[in-house]
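Source file: start-v5.pdb. Holds: PDB, C-alpha atoms.
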ATOM      1  CA  MET A 992      -4.714   0.321   7.089
ATOM      2  CA  TRP A 993      -3.797   3.980   6.794
ATOM      3  CA  ARG A 994      -5.298   5.914   3.914
ATOM      4  CA  GLY A 995      -4.998   9.605   3.119
ATOM      5  CA  ILE A 996      -7.340   9.898   0.150
ATOM      6  CA  SER A 997      -9.450   7.419  -1.774
ATOM      7  CA  GLY A 998      -7.070   5.035  -3.529
ATOM      8  CA  GLY A 999      -3.957   6.671  -2.061
ATOM      9  CA  TYR A1000      -1.759   4.821   0.437
ATOM     10  CA  PRO A1001       1.764   5.350   1.776
ATOM     11  CA  LEU A1002       4.303   2.537   1.529
ATOM     12  CA  PHE A1003       6.389   1.915   4.646
ATOM     13  CA  VAL A1004       9.745   0.182   5.070
ATOM     14  CA  ASN A1005      11.160  -0.148   8.581
ATOM     15  CA  GLY A1006       8.419   2.124   9.888
ATOM     16  CA  LYS A1007       9.361   4.970   7.552
ATOM     17  CA  ILE A1008       7.517   6.167   4.471
ATOM     18  CA  ALA A1009       9.356   4.848   1.417
ATOM     19  CA  GLY A1010       6.850   5.915  -1.233
ATOM     20  CA  GLY A1011       3.201   5.706  -2.051
ATOM     21  CA  ILE A1012       0.627   4.162  -4.340
ATOM     22  CA  GLY A1013      -2.267   5.937  -5.945
ATOM     23  CA  VAL A1014      -5.020   4.249  -7.919
ATOM     24  CA  GLY A1015      -7.831   6.004  -9.744
ATOM     25  CA  GLY A1016     -10.277   5.422 -12.543
ATOM     26  CA  GLY A1017     -12.748   3.094 -10.924
ATOM     27  CA  THR A1018     -15.183   3.593  -8.122
ATOM     28  CA  GLU A1019     -13.766   4.609  -4.746
ATOM     29  CA  GLU A1020     -14.255   1.038  -3.531
ATOM     30  CA  GLN A1021     -12.493  -0.456  -6.581
ATOM     31  CA  ASP A1022      -9.589   1.992  -6.338
ATOM     32  CA  CYS A1023      -9.123   1.185  -2.646
ATOM     33  CA  GLN A1024      -9.297  -2.586  -3.218
ATOM     34  CA  ILE A1025      -6.593  -2.436  -5.880
ATOM     35  CA  ALA A1026      -4.374  -0.110  -3.842
ATOM     36  CA  GLU A1027      -4.742  -2.300  -0.743
ATOM     37  CA  TYR A1028      -3.723  -5.349  -2.783
ATOM     38  CA  VAL A1029      -0.629  -3.511  -4.052
ATOM     39  CA  VAL A1030       0.271  -2.502  -0.489
ATOM     40  CA  SER A1031      -0.075  -6.114   0.697
ATOM     41  CA  VAL A1032       2.232  -7.350  -2.093
ATOM     42  CA  PHE A1033       4.733  -4.575  -1.310
ATOM     43  CA  GLU A1034       4.709  -5.555   2.361
ATOM     44  CA  GLN A1035       5.318  -9.223   1.487
ATOM     45  CA  GLU A1036       8.171  -8.332  -0.868
ATOM     46  CA  THR A1037       9.884  -5.983   1.576
ATOM     47  CA  LYS A1038       9.922  -8.654   4.285
ATOM     48  CA  THR A1039      12.791 -10.246   2.371
ATOM     49  CA  ILE A1040      14.972  -7.100   2.383
ATOM     50  CA  PRO A1041      18.065  -7.664   4.552
ATOM     51  CA  GLY A1042      18.071  -5.520   7.667
ATOM     52  CA  LYS A1043      14.311  -5.097   7.769
TER      53      LYS A1043
END
Represent the structure contained in this file as structure tokens.
Amino acid sequence: MWRGISGGYPLFVNGKIAGGIGVGGGTEEQDCQIAEYVVSVFEQETKTIPGK
């Protein structure tokens, strides 16, 4: 999984960056775990977008 900074991840749709998620406030490990979960949910939800 691509990561730019601790807890910061881009969100891709059709191979293009559509946004990003940033999580902070916990440890680096906690922030990354939460952000990775959000990315996985986003990826599941965008699979249902027509034309994807």
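For the choices A:Ala1026, A:Val1004, A:Gly999, A:Glu1019, the atom-to-atom distance to Lys1038 in chain A is smallest for A:Val1004 when using only C-alpha atoms.
Remark: for Gln1035 in chain A, the closest of the candidate residues A:Cys1023, A:Ile1008, A:Val1014, A:Leu1002 is A:Leu1002 (distances computed over all atoms listed in the file).
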- Task: Rounded to one decimal place, report the CA of Val1032 in chain A-CA of Gly1016 in chain A distance in Å.
- Result: 20.7 Å
- Task: Might you spell out which residues the PyMOL selection byres ((chain A and resi 1013) around 10) would select in the displayed file, as a PyMOL selection string?
- Result: chain A and resi 996-1001+1011-1012+1014-1015+1022-1023+1025-1026+1029
Save range 1006-1029 of chain A to a file: N, CA and C atoms, as a PDB file, in the first residue's frame.
ATOM      1  N   GLY A1006      -7.506   4.250 -11.111  1.00  0.00           N
ATOM      2  CA  GLY A1006      -6.086   4.486 -11.243  1.00  0.00           C
ATOM      3  C   GLY A1006      -5.659   5.942 -11.107  1.00  0.00           C
ATOM      4  N   LYS A1007      -6.599   6.809 -10.779  1.00  0.00           N
ATOM      5  CA  LYS A1007      -6.292   8.229 -10.613  1.00  0.00           C
ATOM      6  C   LYS A1007      -6.574   8.649  -9.178  1.00  0.00           C
ATOM      7  N   ILE A1008      -5.770   9.575  -8.679  1.00  0.00           N
ATOM      8  CA  ILE A1008      -5.997  10.059  -7.313  1.00  0.00           C
ATOM      9  C   ILE A1008      -7.311  10.834  -7.266  1.00  0.00           C
ATOM     10  N   ALA A1009      -8.192  10.415  -6.356  1.00  0.00           N
ATOM     11  CA  ALA A1009      -9.496  11.046  -6.202  1.00  0.00           C
ATOM     12  C   ALA A1009      -9.584  11.833  -4.894  1.00  0.00           C
ATOM     13  N   GLY A1010      -8.599  11.676  -4.034  1.00  0.00           N
ATOM     14  CA  GLY A1010      -8.623  12.346  -2.740  1.00  0.00           C
ATOM     15  C   GLY A1010      -7.572  11.726  -1.845  1.00  0.00           C
ATOM     16  N   GLY A1011      -7.745  11.913  -0.567  1.00  0.00           N
ATOM     17  CA  GLY A1011      -6.789  11.356   0.373  1.00  0.00           C
ATOM     18  C   GLY A1011      -7.392  11.259   1.759  1.00  0.00           C
ATOM     19  N   ILE A1012      -6.739  10.491   2.595  1.00  0.00           N
ATOM     20  CA  ILE A1012      -7.156  10.334   3.988  1.00  0.00           C
ATOM     21  C   ILE A1012      -5.937  10.596   4.862  1.00  0.00           C
ATOM     22  N   GLY A1013      -6.164  11.321   5.916  1.00  0.00           N
ATOM     23  CA  GLY A1013      -5.099  11.586   6.869  1.00  0.00           C
ATOM     24  C   GLY A1013      -5.608  11.345   8.281  1.00  0.00           C
ATOM     25  N   VAL A1014      -4.878  10.567   9.038  1.00  0.00           N
ATOM     26  CA  VAL A1014      -5.270  10.238  10.401  1.00  0.00           C
ATOM     27  C   VAL A1014      -4.112  10.588  11.324  1.00  0.00           C
ATOM     28  N   GLY A1015      -4.415  11.250  12.412  1.00  0.00           N
ATOM     29  CA  GLY A1015      -3.390  11.606  13.386  1.00  0.00           C
ATOM     30  C   GLY A1015      -3.973  11.599  14.791  1.00  0.00           C
ATOM     31  N   GLY A1016      -3.100  11.598  15.764  1.00  0.00           N
ATOM     32  CA  GLY A1016      -3.560  11.653  17.144  1.00  0.00           C
ATOM     33  C   GLY A1016      -3.148  10.457  17.972  1.00  0.00           C
ATOM     34  N   GLY A1017      -2.893   9.354  17.290  1.00  0.00           N
ATOM     35  CA  GLY A1017      -2.436   8.167  18.002  1.00  0.00           C
ATOM     36  C   GLY A1017      -0.959   7.967  17.728  1.00  0.00           C
ATOM     37  N   THR A1018      -0.509   6.763  17.969  1.00  0.00           N
ATOM     38  CA  THR A1018       0.860   6.435  17.593  1.00  0.00           C
ATOM     39  C   THR A1018       0.912   6.304  16.074  1.00  0.00           C
ATOM     40  N   GLU A1019       2.111   6.295  15.520  1.00  0.00           N
ATOM     41  CA  GLU A1019       2.238   6.126  14.066  1.00  0.00           C
ATOM     42  C   GLU A1019       1.558   4.833  13.621  1.00  0.00           C
ATOM     43  N   GLU A1020       1.772   3.769  14.371  1.00  0.00           N
ATOM     44  CA  GLU A1020       1.169   2.477  14.030  1.00  0.00           C
ATOM     45  C   GLU A1020      -0.363   2.550  14.071  1.00  0.00           C
ATOM     46  N   GLN A1021      -0.922   3.169  15.102  1.00  0.00           N
ATOM     47  CA  GLN A1021      -2.376   3.293  15.214  1.00  0.00           C
ATOM     48  C   GLN A1021      -2.944   4.133  14.076  1.00  0.00           C
ATOM     49  N   ASP A1022      -2.295   5.264  13.797  1.00  0.00           N
ATOM     50  CA  ASP A1022      -2.762   6.134  12.712  1.00  0.00           C
ATOM     51  C   ASP A1022      -2.777   5.378  11.389  1.00  0.00           C
ATOM     52  N   CYS A1023      -1.723   4.624  11.118  1.00  0.00           N
ATOM     53  CA  CYS A1023      -1.630   3.875   9.864  1.00  0.00           C
ATOM     54  C   CYS A1023      -2.680   2.769   9.801  1.00  0.00           C
ATOM     55  N   GLN A1024      -2.914   2.082  10.903  1.00  0.00           N
ATOM     56  CA  GLN A1024      -3.930   1.016  10.918  1.00  0.00           C
ATOM     57  C   GLN A1024      -5.310   1.577  10.597  1.00  0.00           C
ATOM     58  N   ILE A1025      -5.648   2.696  11.193  1.00  0.00           N
ATOM     59  CA  ILE A1025      -6.964   3.299  10.951  1.00  0.00           C
ATOM     60  C   ILE A1025      -7.066   3.776   9.510  1.00  0.00           C
ATOM     61  N   ALA A1026      -6.041   4.462   9.025  1.00  0.00           N
ATOM     62  CA  ALA A1026      -6.055   4.960   7.649  1.00  0.00           C
ATOM     63  C   ALA A1026      -6.137   3.811   6.649  1.00  0.00           C
ATOM     64  N   GLU A1027      -5.413   2.728   6.887  1.00  0.00           N
ATOM     65  CA  GLU A1027      -5.462   1.580   5.989  1.00  0.00           C
ATOM     66  C   GLU A1027      -6.849   0.944   5.980  1.00  0.00           C
ATOM     67  N   TYR A1028      -7.514   0.920   7.121  1.00  0.00           N
ATOM     68  CA  TYR A1028      -8.883   0.402   7.177  1.00  0.00           C
ATOM     69  C   TYR A1028      -9.810   1.283   6.337  1.00  0.00           C
ATOM     70  N   VAL A1029      -9.678   2.594   6.489  1.00  0.00           N
ATOM     71  CA  VAL A1029     -10.508   3.527   5.712  1.00  0.00           C
ATOM     72  C   VAL A1029     -10.274   3.329   4.212  1.00  0.00           C
TER      73      VAL A1029
END
